[in-house]
Each structure stands twice: as C-alpha cells, then as structure tokens.
Amino acid sequence: MSIENTAPAPDARPIRVRIAPSPTGDPHVGTGYIGLLNYLYAAQRGGTFVLRIEDTDRTRYVSTSEQMIFDALKWIGLSWQEGPDVGGPYGPYRQSERTEIYREYCQQLLASGNAYRSFETEEELDAMREQQKAAKQPPRYNGAARHLTQQQIDAYIAEGRPYTVRLKVPQEGSTTFKDELRGDITFDHTNVDDQVLLKSDGFPTYHLANVVDDHLMHITDVIRAEEWISSTPKHVLLYKAFGWELPRFWHMPLLRNADKSKISKRKNPVSLNFYRDSGYLPQAMLNFLGLMGGGMAQPTEAEIVSKGLNTKEGDIFSLDEMKAKFDFKRISLGGPVFDLVKLKWLNGEYIRKLSPEQFFAALRNNIFSDAYLKAVAPLVQARVETLGQFGDLADFLFRDNVLPPESVWAPKKRTAEETLAFAADLLITLEAADWTHEAIEADMKKLGEEKQWSVKENFMLLRAIVTGSTTSPPLVDSLLIFGKARTIDRVRRFIETQKRLAVQASRK
RNA sequence: GGCGAUAUGGUGUAACUGGUUAACACGUCGCCCUCUCAAGGCGAAGAGUUCGGGUUCGAGCCCCGAUAUCGCUACCA
C-alpha cells in the first residue's frame with residue numbers, strides 16, 4: 001500500500017506562512033534568509049506572516065536569543081503580524097508555552113494506534129545504533145517497543161520508567177509529497193525511522209510540535225530550508241494520522257560556505273549581529289539575501305536601455321522591489337555560496353548612495369553611537385594623556401580587521417602550532433561562553449588551566465588577536481563592548497590567516 | 001554505508017515553450033581619470049554548460065547511465 005499525497009489541491013484558504021527559529025544563540029543569517037522568503041510570500045499574496053519560537057530543546061536554550069532574533073529580523077526590515085511579541089489569535093507563539101497541547105495530540109496518536117511508547121534509555125539506543133553500524137545496517141530504531149503488551153506498558157509506567165512516544169511508521173509502502181519547486185519526492189517507509197515525537201522530559205520534538213502548530217495556526221505554505229526534505233515524510237504521515245489537510249511544501253536551497261558545505265559558524269560569520277555591529281547596512285544585507293538563490297528577474301535589455309540602467313542595477317533592489325518582482329518559481333536549487341566579497345561590494349554601493357547626512361547618521365547610530373562611545377570611554381580615560389591618544393588605544397574597536405603582531409603567534413615559549421591549537425580552543429570556548437564578564441573570564445581561565453597556558457600567555461594571545469596589539473584596555477571589558485560575534489570573527493580570521501601562511505611557508 | 005536533493009566561468013545568477021560566436025553582476029588583471037586610495041569610465045582573461053551515451057536538422061534546456069557535491073541518517077532544530 002502506498003500513501004499517496006501528490007499535489008494538494010489549490011485551496012481557498014487565506015495564505016499563512018511562518019518562520020520558526022530556535023532560540024539557541026545569535027540570530028542566524030539563514031533565519032534572515034528564510035524569514036525574508038516567508039515575508040515576501042505572504043506580502044505578495046495578502047497573506048499573514050507568523051513568527052513562532054521553537055524552544056523545545058531545553059539543553060540548547062539561550063535566554064537572550066529570542067529578543068536578539070526579534071531585533072535582527074526587524075533590523076533587516078522584516079515584520080510579522082503574529083508572534084510572541086505581538087500576539088495574535090492562535091497563540092501562544094512560544095512552543096514551551098504549548099506543551100499541554102502537544103501532550104493532548106500525542107495522546108490522540110497513541111489512542112489511534114499511530115504512535116507508541118518506547119522505554120529504552122539513551123545508552124541502549126546508542127548501543128543499538130553502534131551494533132547496526134557495525135553490521136553495516138542503517139541505524140534505525142528497531143521497533144521493539146511496538147510489541148510491548150499493554151500489561152508491560154502499564155507496569156513500566158507504574159514503575160515510573162521514563163519513556164518517549166514514537167511515530168508508528170507503516171512498515172510497507174511509501175510516502176510521496178510534492179515539493180513546490182522540485183515536484184514529487186518519494187520515500188520508501190523502510191527508510192523512515194520511528195521518529196520520537198515526545199521526549200522523556202515531556203517536551204515535543206520538532207516534528208510533532210511543528211506539525212501540530214502549523215495545523216493549529218492554519219499555515220498553508222511551509223517554506224523552510226532544504227535540510228528538512230528528509231523529514232517531510234514523517235510530517236506528512238503525522239498530518240495523515242490526524243486527518244489534517246496538508247500545507248504546501250517549499251524547500252529552499254541551503255546557504256553554503258565557500259567550500260559548498262552548509263553554512264556554519266566554523267567557516268563564516270553567521271550571526272546577523274556580526275554584520276550589524278561591523279557596519280553593514282540592513283538594506284544591503286536584505287538585498288544580498290534576496291540575491292541568494294535567484295528569484296529576482298534580471299532587467300531585460302529593453303529596460304536597461306529605456307531606463308538608462310547600469311547593468312549592475314539588476315543586482316540591486318529594495319524590499320519593495322522584491323515584493324513586486326520576486327518570483328518563487330525562479331529560485332534556483334543549487335545551494336548558493338554566501339559570498340562575503342559580493343556582500344561587501346553591495347554594502348559599498350548602498351553606503352555611497354547615502355546622502356552625507358544619512359552617512360553621518362549611520363556612523364552615529366552604529367559604530368560611533370553614544371552608547372558605544374560611552375562604554376568605550378571609561379576603559380580609555382585612565383590610560384591617556386591627551387584626547388588624541390583615544391585613537392591609539394581604542395582603534396581596534398572601530399576597525400574591520402586588525403593585524404596581530406608576529407611576536408604573538410610566534411612567541412618564545414610556544415611553537416606556532418601550539419599557538420594555533422590554543423587559538424582554536426579559545427574560539428570554541430568563546431563561542432560557548434555567555435557574554436558576561438564573569439563567564440568569559442572564568443571560561444578562559446579554565447581553558448588555560450586545562451591546556452597549561454598561564455593566564456598571562458592566554459590573555460595576551462587573545463588580546464593580540466582581538467586588539468592587534470600587546471597593549472590595550474582591559475581585555476574582558478573590551479570583549480564585552482566589542483561583542484561576541486565580532487570577537488569570534490577576529491579569532492576565526494586569525495586562525496585562518498595563520499593556517500594559510502603556514503601552508504604557503506611549507507610550500508617554499 | 002543507506003536514503004534524498006542538486007549540478008552553467010573562482011562566486012551569485014541569465015539564456016522565451018530545444019534555434020546564431022552561452023549573457024549580466026561580483027572578483028581578478030590592464031588602461032584612463034587622479035596628489036594617494038576608493039569610486040567612476042574603458043578593456044581583457046576566465047565556462048562550451050560535471051562526464052558518457054541517446055533523441056533531433058539543431059540540446060545548457062528532452063531521455064538513459066555514470067560521477068561529484070550537499071543534506072538527512074539524535075529523546076537538535
């Protein structure tokens with residue numbers, strides 16, 4: 001038997017789309033990208049754009065993240081009609097506040113025989129996967145708990161054993177769904193795992209929460225990244241199990257690093273905060289995101305001639321122009337490289353278009369804001385004898401990049417390799433750190449102890465990397481002001497540069 | 001490994017329902033402008049469309065088969 005679901009008929013439901021970021025850290029450029037696409041889709045069709053916070057993973061939850069996501073999306077110029085901050089008729093819009101709902105629907109699935117309880121521990125599951133891998137089998141839940149008798153289940157529950165609830169995927173047949181950009185995609189059920197729907201902590205997984213919420217919030221079009229294609233059959237099966245009407249699915253190409261892998265903070269600045277703090281203009285960022293994957297028709301030759309356009313104008317467009325012209329069917333499916341060089345060019349175009357007043361205002365609102373200068377000033381005051389020395393001491397806080405002195409990456413006591421390795425550890429530590437004075441200092445010292453780097457060596461290396469000098473205002477205070485996203489970028493760039501130099505040297 | 005998706009210069013895209021020497025932008029290089037650097041102007045190099053078959057008068061567009069890349073393969077999203 002085959003569960004057929006090709007081409008959900010065009011329906012008369014009012015268009016509703018959503019973006020569903022997880023508050024796990026800095027706001028991601030990918031969130032901006034998918035956010036823009038959803039925004040455009042709704043705007044072009046008189047639809048509604050919903051923002052929903054998917055905070056069901058309590059282990060990765062970052063409390064400051066949600067507000068940063070709101071701010072970043074607003075920064076690039078997006079707005080939403082429903083969300084945790086603005087409310088709406090289908091709230092709450094934070095999944096952590098909807099756990100009762102998911103539990104109810106999970107109950108329903110259990111009752112209808114579309115899901116079952118599973119009592120294995122994580123260790124048992126790991127062991128099972130290991131075995132399967134060793135036997136060259138695809139790692140998948142073996143379905144053992146499907147065969148538990150009601151008595152056993154009752155007994156386990158009475159014992160207070162923790163359990164998860166899993167989707168009962170049919171053992172035969174296949175699921176086909178339509179991707180609006182790619183056409184029909186089929187998955188054989190033997191390749192679909194019995195996905196956990198409800199975790200043992202009582203929180204739902206993405207799959208359950210997402211489907212339930214999309215239904216309850218009347219979402220008509222699911223516009224999300226390509227990485228979700230593989231789990232779409234699970235979602236379709238859930239819709240079927242509940243007897244709900246399917247949304248349309250649009251899977252967008254994944255933004256890539258220069259090496260074509262999925263964009264990652266390892267290889268690229270991915271935080272929208274980084275771009276904001278580094279002095280990228282929001283309209284340039286938005287324009288650049290709109291360029292990714294195509295979607296905007298190039299001006300025709302006739303247009304270029306009649307409007308006297310420069311050909312490069314085809315790459316430059318505003319949100320309003322996107323609303324007017326962006327065509328989802330034009331999106332090209334190869335994953336676009338997030339090319340910082342082109343972004344910088346675009347930003348330059350926008351900066352040059354600013355009037356002198358606007359340029360001045362941009363400087364004052366961004367890298368020379370009162371708030372920023374007010375934070376920097378006290379670090380410098382005790383260390384200068386003339387105001388002019390401010391620049392000598394604080395220049396690193398206003399620059400795009402900085403060149404760490406050679407004495408640092410080739411220090412007396414350490415080899416270049418050791419220094420590089422430690423810098424890499426520093427990077428990981430800083431990425432994971434809460435951006436508070438206490439946390440940064442404690443985490444750095446802990447790392448130093450583990451790696452046998454003295455506090456002096458440790459802090460001096462980071463100081464040199466971030467400030468480009470071995471003399472600077474207090475390091476941690478400076479980092480706090482400079483911001484996490486930019487700090488991390490500097491460390492990352494230092495490591496990359498040194499690696500490249502090492503390769504060049506070894507070739508000689 | 002399994003499953004799925006994708007494939008046009010270094011990068012992002014274009015090429016109407018198959019129809020001239022594959023276009024535009026970024027980047028690179030050169031020249032002009034210029035006190036410098038950008039910007040701007042002019043020009044150049046760089047792909048024969050991943051590869052191999054096929055259909056066709058004609059294929060980047062259609063078919064078949066390879067290959068490569070990416071994603072998923074979690075009680076993460």
# chains A, B, ... in the order shown; residues from 1 in each chain; ligands from 1

call {"tool": "closest_atom_pairs", "arguments": {"of": "stretch 302-344 of chain A", "to": "stretch 3-25 of chain B", "cutoff": "9 Å", "atoms": "only C-alpha atoms (C1' of nucleotides)", "output": "JSON lines"}}
result
{"residue": "A:Thr311", "atom": "CA", "partner": "B:C24", "partner_atom": "C1'", "distance": 6.7}
{"residue": "A:Lys312", "atom": "CA", "partner": "B:A25", "partner_atom": "C1'", "distance": 5.5}
{"residue": "A:Glu313", "atom": "CA", "partner": "B:A25", "partner_atom": "C1'", "distance": 8.5}
{"residue": "A:Gly314", "atom": "CA", "partner": "B:A25", "partner_atom": "C1'", "distance": 7.6}
{"residue": "A:Asp315", "atom": "CA", "partner": "B:A25", "partner_atom": "C1'", "distance": 6.5}
{"residue": "A:Ser332", "atom": "CA", "partner": "B:U13", "partner_atom": "C1'", "distance": 8.8}
{"residue": "A:Leu333", "atom": "CA", "partner": "B:U6", "partner_atom": "C1'", "distance": 6.6}
{"residue": "A:Gly334", "atom": "CA", "partner": "B:U6", "partner_atom": "C1'", "distance": 5.5}
{"residue": "A:Gly335", "atom": "CA", "partner": "B:U6", "partner_atom": "C1'", "distance": 7.8}
{"residue": "A:Pro336", "atom": "CA", "partner": "B:G12", "partner_atom": "C1'", "distance": 7.1}
{"residue": "A:Val337", "atom": "CA", "partner": "B:U11", "partner_atom": "C1'", "distance": 7.0}
{"residue": "A:Phe338", "atom": "CA", "partner": "B:G12", "partner_atom": "C1'", "distance": 8.7}
{"residue": "A:Asp339", "atom": "CA", "partner": "B:U11", "partner_atom": "C1'", "distance": 6.5}
{"residue": "A:Val341", "atom": "CA", "partner": "B:U11", "partner_atom": "C1'", "distance": 8.7}
{"residue": "A:Lys342", "atom": "CA", "partner": "B:U11", "partner_atom": "C1'", "distance": 8.1}

call {"tool": "write_last_selection", "arguments": {"atoms": "N, CA and C atoms", "output": "PDB file, in the first residue's frame"}}
result
ATOM      1  N   THR A 311      24.070  48.093 -15.842  1.00  0.00           N
ATOM      2  CA  THR A 311      23.721  46.673 -15.772  1.00  0.00           C
ATOM      3  C   THR A 311      23.805  46.121 -14.358  1.00  0.00           C
ATOM      4  N   LYS A 312      24.659  46.711 -13.525  1.00  0.00           N
ATOM      5  CA  LYS A 312      24.775  46.189 -12.171  1.00  0.00           C
ATOM      6  C   LYS A 312      23.519  46.440 -11.348  1.00  0.00           C
ATOM      7  N   GLU A 313      22.675  47.379 -11.835  1.00  0.00           N
ATOM      8  CA  GLU A 313      21.445  47.654 -11.106  1.00  0.00           C
ATOM      9  C   GLU A 313      20.554  46.421 -10.990  1.00  0.00           C
ATOM     10  N   GLY A 314      20.768  45.473 -11.865  1.00  0.00           N
ATOM     11  CA  GLY A 314      19.992  44.239 -11.799  1.00  0.00           C
ATOM     12  C   GLY A 314      20.206  43.491 -10.497  1.00  0.00           C
ATOM     13  N   ASP A 315      21.335  43.735  -9.850  1.00  0.00           N
ATOM     14  CA  ASP A 315      21.633  43.068  -8.586  1.00  0.00           C
ATOM     15  C   ASP A 315      21.214  43.881  -7.377  1.00  0.00           C
ATOM     16  N   SER A 332      16.629  29.142  -7.934  1.00  0.00           N
ATOM     17  CA  SER A 332      17.453  28.050  -8.445  1.00  0.00           C
ATOM     18  C   SER A 332      17.924  27.204  -7.277  1.00  0.00           C
ATOM     19  N   LEU A 333      17.958  25.907  -7.514  1.00  0.00           N
ATOM     20  CA  LEU A 333      18.050  24.945  -6.433  1.00  0.00           C
ATOM     21  C   LEU A 333      19.459  24.599  -5.952  1.00  0.00           C
ATOM     22  N   GLY A 334      20.472  25.006  -6.674  1.00  0.00           N
ATOM     23  CA  GLY A 334      21.825  24.736  -6.191  1.00  0.00           C
ATOM     24  C   GLY A 334      22.095  25.628  -4.988  1.00  0.00           C
ATOM     25  N   GLY A 335      22.751  25.100  -3.966  1.00  0.00           N
ATOM     26  CA  GLY A 335      22.973  25.904  -2.766  1.00  0.00           C
ATOM     27  C   GLY A 335      23.944  27.044  -3.031  1.00  0.00           C
ATOM     28  N   PRO A 336      23.511  28.285  -2.830  1.00  0.00           N
ATOM     29  CA  PRO A 336      24.378  29.422  -3.133  1.00  0.00           C
ATOM     30  C   PRO A 336      25.440  29.655  -2.052  1.00  0.00           C
ATOM     31  N   VAL A 337      26.643  29.965  -2.494  1.00  0.00           N
ATOM     32  CA  VAL A 337      27.704  30.315  -1.565  1.00  0.00           C
ATOM     33  C   VAL A 337      27.450  31.726  -1.022  1.00  0.00           C
ATOM     34  N   PHE A 338      27.517  31.858   0.264  1.00  0.00           N
ATOM     35  CA  PHE A 338      27.330  33.147   0.929  1.00  0.00           C
ATOM     36  C   PHE A 338      28.626  33.914   0.767  1.00  0.00           C
ATOM     37  N   ASP A 339      28.678  34.720  -0.283  1.00  0.00           N
ATOM     38  CA  ASP A 339      29.940  35.318  -0.705  1.00  0.00           C
ATOM     39  C   ASP A 339      30.144  36.690  -0.064  1.00  0.00           C
ATOM     40  N   VAL A 341      32.493  38.683  -0.226  1.00  0.00           N
ATOM     41  CA  VAL A 341      33.075  39.699  -1.103  1.00  0.00           C
ATOM     42  C   VAL A 341      31.969  40.461  -1.833  1.00  0.00           C
ATOM     43  N   LYS A 342      31.009  39.720  -2.326  1.00  0.00           N
ATOM     44  CA  LYS A 342      29.913  40.395  -3.033  1.00  0.00           C
ATOM     45  C   LYS A 342      29.049  41.199  -2.056  1.00  0.00           C
TER      46      LYS A 342
END

call {"tool": "closest_atom_pairs", "arguments": {"of": "chain B", "to": "chain A", "cutoff": "6 Å", "atoms": "only C-alpha atoms (C1' of nucleotides)", "output": "CSV"}}
result
residue,atom,partner,partner_atom,distance
B:G2,C1',A:Pro138,CA,5.7
B:U6,C1',A:Gly334,CA,5.5
B:A25,C1',A:Lys312,CA,5.5
B:C26,C1',A:Lys342,CA,5.1
B:G71,C1',A:Glu227,CA,5.3
B:C72,C1',A:Ser230,CA,5.4
B:C75,C1',A:Lys199,CA,4.6

call {"tool": "write_last_selection", "arguments": {"atoms": "N, CA and C atoms (P, O5', C5', C4', C3', O3' and C1' of nucleotides)", "output": "PDB file, in the first residue's frame"}}
result
ATOM      1  P     G B   2      25.188   2.266  -0.171  1.00  0.00           P
ATOM      2  O5'   G B   2      23.920   2.539   0.754  1.00  0.00           O
ATOM      3  C5'   G B   2      23.036   1.476   1.110  1.00  0.00           C
ATOM      4  C4'   G B   2      21.864   2.039   1.863  1.00  0.00           C
ATOM      5  C3'   G B   2      21.078   3.111   1.117  1.00  0.00           C
ATOM      6  O3'   G B   2      20.113   2.520   0.251  1.00  0.00           O
ATOM      7  C1'   G B   2      21.564   3.895   3.290  1.00  0.00           C
ATOM      8  P     U B   6      16.250  18.233  -7.255  1.00  0.00           P
ATOM      9  O5'   U B   6      17.707  18.870  -7.315  1.00  0.00           O
ATOM     10  C5'   U B   6      17.923  20.215  -6.897  1.00  0.00           C
ATOM     11  C4'   U B   6      19.403  20.491  -6.840  1.00  0.00           C
ATOM     12  C3'   U B   6      20.132  20.473  -8.174  1.00  0.00           C
ATOM     13  O3'   U B   6      19.991  21.717  -8.835  1.00  0.00           O
ATOM     14  C1'   U B   6      21.375  19.251  -6.586  1.00  0.00           C
ATOM     15  P     A B  25      28.039  43.681 -16.321  1.00  0.00           P
ATOM     16  O5'   A B  25      27.826  43.298 -14.792  1.00  0.00           O
ATOM     17  C5'   A B  25      26.896  44.016 -13.991  1.00  0.00           C
ATOM     18  C4'   A B  25      26.825  43.384 -12.621  1.00  0.00           C
ATOM     19  C3'   A B  25      28.169  43.211 -11.924  1.00  0.00           C
ATOM     20  O3'   A B  25      28.597  44.408 -11.309  1.00  0.00           O
ATOM     21  C1'   A B  25      26.964  41.211 -11.763  1.00  0.00           C
ATOM     22  P     C B  26      30.167  44.653 -11.082  1.00  0.00           P
ATOM     23  O5'   C B  26      30.547  43.597  -9.947  1.00  0.00           O
ATOM     24  C5'   C B  26      30.017  43.742  -8.634  1.00  0.00           C
ATOM     25  C4'   C B  26      30.478  42.596  -7.777  1.00  0.00           C
ATOM     26  C3'   C B  26      31.978  42.397  -7.701  1.00  0.00           C
ATOM     27  O3'   C B  26      32.569  43.276  -6.766  1.00  0.00           O
ATOM     28  C1'   C B  26      30.941  40.316  -8.060  1.00  0.00           C
ATOM     29  P     G B  71      26.426  19.318   4.228  1.00  0.00           P
ATOM     30  O5'   G B  71      24.886  18.900   4.285  1.00  0.00           O
ATOM     31  C5'   G B  71      23.885  19.897   4.339  1.00  0.00           C
ATOM     32  C4'   G B  71      22.533  19.246   4.251  1.00  0.00           C
ATOM     33  C3'   G B  71      22.246  18.197   5.300  1.00  0.00           C
ATOM     34  O3'   G B  71      21.813  18.800   6.495  1.00  0.00           O
ATOM     35  C1'   G B  71      21.624  17.361   3.197  1.00  0.00           C
ATOM     36  P     C B  72      22.119  18.065   7.888  1.00  0.00           P
ATOM     37  O5'   C B  72      21.127  16.826   7.877  1.00  0.00           O
ATOM     38  C5'   C B  72      19.727  17.037   7.934  1.00  0.00           C
ATOM     39  C4'   C B  72      19.024  15.732   7.726  1.00  0.00           C
ATOM     40  C3'   C B  72      19.462  14.600   8.646  1.00  0.00           C
ATOM     41  O3'   C B  72      18.831  14.684   9.910  1.00  0.00           O
ATOM     42  C1'   C B  72      19.378  13.803   6.439  1.00  0.00           C
ATOM     43  P     C B  75      16.959   9.759  19.184  1.00  0.00           P
ATOM     44  O5'   C B  75      16.346  10.918  20.074  1.00  0.00           O
ATOM     45  C5'   C B  75      14.983  11.222  19.968  1.00  0.00           C
ATOM     46  C4'   C B  75      14.733  12.304  20.980  1.00  0.00           C
ATOM     47  C3'   C B  75      16.054  12.962  21.385  1.00  0.00           C
ATOM     48  O3'   C B  75      16.049  14.334  21.039  1.00  0.00           O
ATOM     49  C1'   C B  75      14.904  11.991  23.304  1.00  0.00           C
TER      50        C B  75
END

call {"tool": "select_by_dssp", "arguments": {"residues": "stretch 287-503 of chain A", "states": "helix (DSSP H, G or I)", "output": "short mmCIF file (atom, residue, chain, number, x, y, z; two decimals) with C-alpha atoms, in the first residue's frame"}}
result
data_model
loop_
_atom_site.label_atom_id
_atom_site.label_comp_id
_atom_site.auth_asym_id
_atom_site.auth_seq_id
_atom_site.Cartn_x
_atom_site.Cartn_y
_atom_site.Cartn_z
CA ASN A 287 19.35 42.79 -0.77
CA PHE A 288 22.14 40.25 -0.55
CA LEU A 289 19.85 37.63 0.97
CA GLY A 290 17.41 38.29 -1.84
CA LEU A 291 20.17 37.60 -4.31
CA GLU A 301 17.76 44.66 -22.31
CA ALA A 302 14.85 46.92 -23.19
CA GLU A 303 14.53 48.02 -19.57
CA ILE A 304 18.22 48.68 -19.29
CA VAL A 305 18.11 50.89 -22.36
CA SER A 306 14.84 52.67 -21.69
CA THR A 311 23.72 46.67 -15.77
CA LYS A 312 24.78 46.19 -12.17
CA GLU A 313 21.45 47.65 -11.11
CA GLY A 314 19.99 44.24 -11.80
CA ASP A 315 21.63 43.07 -8.59
CA LEU A 319 12.32 45.10 -0.19
CA ASP A 320 9.53 46.84 -2.08
CA GLU A 321 11.02 45.84 -5.40
CA MET A 322 11.27 42.28 -4.16
CA LYS A 323 7.63 42.36 -3.14
CA ALA A 324 6.78 43.49 -6.65
CA LYS A 325 9.02 41.21 -8.65
CA PHE A 328 9.43 31.85 -6.12
CA LYS A 329 9.31 29.68 -9.21
CA ARG A 330 12.54 31.30 -10.37
CA LEU A 340 31.23 37.94 1.71
CA VAL A 341 33.08 39.70 -1.10
CA LYS A 342 29.91 40.40 -3.03
CA LEU A 343 28.10 41.38 0.14
CA LYS A 344 30.80 43.92 0.86
CA TRP A 345 30.56 45.33 -2.65
CA LEU A 346 26.81 45.65 -2.27
CA ASN A 347 27.21 47.35 1.07
CA GLY A 348 29.60 49.82 -0.53
CA GLU A 349 27.01 50.57 -3.18
CA TYR A 350 24.45 51.39 -0.50
CA ILE A 351 26.90 53.45 1.53
CA ARG A 352 27.79 55.57 -1.49
CA LYS A 353 24.12 56.14 -2.19
CA PRO A 356 26.19 62.94 3.61
CA GLU A 357 23.61 63.44 6.35
CA GLN A 358 22.49 59.86 6.14
CA PHE A 359 26.06 58.61 6.16
CA PHE A 360 26.79 60.68 9.21
CA ALA A 361 23.65 59.36 10.88
CA ALA A 362 24.65 55.80 10.04
CA LEU A 363 28.01 56.30 11.70
CA ARG A 364 26.42 57.86 14.75
CA ASN A 365 23.83 55.14 15.04
CA ASP A 370 26.60 57.33 22.05
CA ALA A 371 26.04 54.01 23.73
CA TYR A 372 29.16 52.51 22.20
CA LEU A 373 31.37 55.51 22.90
CA LYS A 374 30.03 55.72 26.42
CA ALA A 375 31.03 52.13 27.01
CA VAL A 376 34.47 52.59 25.50
CA ALA A 377 35.38 55.89 27.14
CA PRO A 378 35.91 54.68 30.72
CA LEU A 379 38.29 51.97 29.53
CA VAL A 380 40.47 54.57 27.89
CA GLN A 381 40.29 57.58 30.19
CA GLN A 389 45.50 59.15 22.23
CA PHE A 390 41.99 57.74 22.30
CA GLY A 391 42.51 56.52 18.77
CA ASP A 392 45.86 54.96 19.58
CA LEU A 393 44.30 52.88 22.29
CA ALA A 394 40.82 52.14 21.06
CA ASP A 395 41.23 51.91 17.29
CA PHE A 396 40.63 48.16 17.30
CA LEU A 397 37.06 48.75 18.46
CA PHE A 398 36.31 50.70 15.31
CA GLU A 406 54.01 38.43 14.87
CA SER A 407 55.53 38.14 18.34
CA VAL A 408 52.26 36.66 19.43
CA TRP A 409 51.77 33.87 17.01
CA ALA A 416 53.37 28.30 16.06
CA GLU A 417 51.44 25.02 16.03
CA GLU A 418 50.80 25.21 19.76
CA THR A 419 49.66 28.78 19.45
CA LEU A 420 47.32 27.93 16.64
CA ALA A 421 45.91 24.96 18.51
CA PHE A 422 45.30 27.09 21.56
CA ALA A 423 43.65 29.77 19.49
CA ALA A 424 41.31 27.12 18.13
CA ASP A 425 40.43 26.09 21.67
CA LEU A 426 39.91 29.72 22.54
CA LEU A 427 37.50 30.02 19.66
CA ILE A 428 35.43 27.08 20.86
CA THR A 429 35.45 28.41 24.41
CA LEU A 430 34.32 31.87 23.39
CA GLU A 431 31.61 30.51 21.13
CA ALA A 432 30.15 28.59 24.04
CA HIS A 437 32.45 39.45 32.34
CA GLU A 438 32.34 36.63 34.86
CA ALA A 439 31.65 33.90 32.33
CA ILE A 440 34.27 34.99 29.82
CA GLU A 441 36.98 35.31 32.44
CA ALA A 442 36.12 32.04 34.15
CA ASP A 443 35.86 30.09 30.93
CA MET A 444 39.15 31.43 29.62
CA LYS A 445 40.95 30.66 32.85
CA LYS A 446 39.52 27.18 32.91
CA LEU A 447 40.74 26.57 29.39
CA GLY A 448 44.18 27.91 30.31
CA GLU A 449 44.41 25.52 33.22
CA GLU A 450 43.39 22.57 31.10
CA LYS A 451 45.89 23.37 28.39
CA VAL A 455 46.78 33.43 32.47
CA LYS A 456 49.30 35.88 31.11
CA GLU A 457 50.05 33.92 27.93
CA ASN A 458 46.41 33.09 27.48
CA PHE A 459 45.06 36.62 27.80
CA MET A 460 47.97 38.09 25.86
CA LEU A 461 47.28 35.88 22.87
CA LEU A 462 43.62 36.81 22.77
CA ARG A 463 44.47 40.45 23.37
CA ALA A 464 46.80 40.47 20.40
CA ILE A 465 44.31 38.69 18.18
CA VAL A 466 41.42 40.98 19.02
CA THR A 467 43.21 44.29 19.52
CA LEU A 475 40.72 42.58 27.74
CA VAL A 476 37.45 41.20 29.05
CA ASP A 477 35.85 44.62 29.31
CA SER A 478 36.90 45.28 25.75
CA LEU A 479 35.43 42.00 24.55
CA LEU A 480 32.18 42.76 26.25
CA ILE A 481 31.88 46.04 24.41
CA PHE A 482 33.16 44.70 21.12
CA LYS A 484 30.64 38.20 20.86
CA ALA A 485 30.01 37.96 17.13
CA ARG A 486 32.88 40.24 16.17
CA THR A 487 35.27 38.81 18.75
CA ILE A 488 34.71 35.33 17.43
CA ASP A 489 35.14 36.50 13.88
CA ARG A 490 38.51 38.00 14.68
CA VAL A 491 39.74 34.83 16.30
CA ARG A 492 38.46 32.80 13.39
CA ARG A 493 40.14 35.09 10.89
CA PHE A 494 43.39 34.94 12.81
CA ILE A 495 43.37 31.15 12.71
CA GLU A 496 42.53 31.07 9.03
CA THR A 497 45.22 33.57 8.16
CA GLN A 498 47.86 31.72 10.12
CA LYS A 499 46.89 28.43 8.58
CA ARG A 500 47.14 29.90 5.14
CA LEU A 501 50.53 31.39 5.90
CA ALA A 502 51.73 28.07 7.28
CA VAL A 503 50.66 26.31 4.10
#

call {"tool": "closest_residue", "arguments": {"among": "B:G60, B:G65, B:G30, B:G1", "to": "B:A45", "atoms": "only C-alpha atoms (C1' of nucleotides)"}}
result
B:G30

call {"tool": "select_by_dssp", "arguments": {"residues": "stretch 245-332 of chain A", "states": "strand (DSSP E or B)", "output": "NGL selection string"}}
result
:A and (248-252 or 256 or 262 or 271)

call {"tool": "write_last_selection", "arguments": {"atoms": "C-alpha atoms", "output": "compact mmCIF listing (two decimals), in the first residue's frame"}}
result
# COMPACT_ATOMS: atom_id res chain seq x y z
CA ARG A 248 2.28 23.12 0.51
CA PHE A 249 5.95 22.47 1.00
CA TRP A 250 8.66 24.73 -0.39
CA HIS A 251 12.19 23.68 0.40
CA MET A 252 14.71 26.41 -0.17
CA ARG A 256 26.80 27.49 1.81
CA LYS A 262 26.17 24.04 4.71
CA SER A 271 25.33 35.95 13.12

call {"tool": "atom_distance", "arguments": {"atom1": "atom CA of A:Gly47", "atom2": "atom CA of A:Tyr93"}}
result
17.8 Å

call {"tool": "atom_distance", "arguments": {"atom1": "atom CA of A:Gly483", "atom2": "atom CA of A:Thr415"}}
result
29.3 Å

call {"tool": "residues_around", "arguments": {"residues": "A:Gly32", "least_positions_apart": "3", "cutoff": "8 Å", "atoms": "only C-alpha atoms (C1' of nucleotides)", "output": "PyMOL selection string"}}
result
chain A and resi 27-29+35-36+72-73+76+272+289

call {"tool": "atom_distance", "arguments": {"atom1": "atom CA of A:Gln108", "atom2": "atom CA of A:Asn210"}}
result
16.2 Å

call {"tool": "decode", "arguments": {"residues": "stretch 12-60 of chain B", "atoms": "C-alpha atoms (C1' of nucleotides)", "output": "compact mmCIF listing (two decimals), in the first residue's frame"}}
result
# COMPACT_ATOMS: atom_id res chain seq x y z
C1' G B 12 25.91 34.78 -7.48
C1' U B 13 22.69 34.47 -11.42
C1' A B 14 20.66 34.71 -17.10
C1' A B 15 19.58 32.24 -21.59
C1' C B 16 11.15 32.78 -24.01
C1' U B 17 7.55 26.60 -24.83
C1' G B 18 15.22 22.99 -27.65
C1' G B 19 17.17 27.73 -32.56
C1' U B 20 23.00 32.39 -34.14
C1' U B 21 30.02 33.39 -31.61
C1' A B 22 26.37 30.91 -23.67
C1' A B 23 24.62 36.92 -21.21
C1' C B 24 24.90 40.14 -16.61
C1' A B 25 26.96 41.21 -11.76
C1' C B 26 30.94 40.32 -8.06
C1' G B 27 36.01 39.07 -8.04
C1' U B 28 40.84 39.11 -10.93
C1' C B 29 44.15 41.68 -14.48
C1' G B 30 45.30 46.04 -17.65
C1' C B 31 44.45 51.11 -19.27
C1' C B 32 42.15 56.07 -18.41
C1' C B 33 40.88 59.73 -14.71
C1' U B 34 43.76 61.44 -10.41
C1' C B 35 48.20 64.48 -5.12
C1' U B 36 47.02 59.00 -2.78
C1' C B 37 43.28 55.44 -2.14
C1' A B 38 38.49 54.36 -3.41
C1' A B 39 34.58 55.47 -6.74
C1' G B 40 33.80 56.13 -11.99
C1' G B 41 34.99 55.11 -17.38
C1' C B 42 37.16 51.69 -21.00
C1' G B 43 39.06 46.92 -22.00
C1' A B 44 40.87 41.74 -21.13
C1' A B 45 41.32 36.90 -19.34
C1' G B 46 38.15 33.19 -17.48
C1' A B 47 32.79 28.32 -18.72
C1' G B 48 31.31 25.41 -24.25
C1' U B 49 27.02 24.35 -19.54
C1' U B 50 30.04 17.64 -14.31
C1' C B 51 31.06 13.32 -17.63
C1' G B 52 29.34 9.50 -21.28
C1' G B 53 25.69 7.94 -24.44
C1' G B 54 20.96 8.81 -27.00
C1' U B 55 16.57 11.59 -29.44
C1' U B 56 16.62 15.78 -33.01
C1' C B 57 18.17 19.36 -38.94
C1' G B 58 19.66 21.52 -34.17
C1' A B 59 20.50 20.12 -26.88
C1' G B 60 22.68 24.16 -21.30
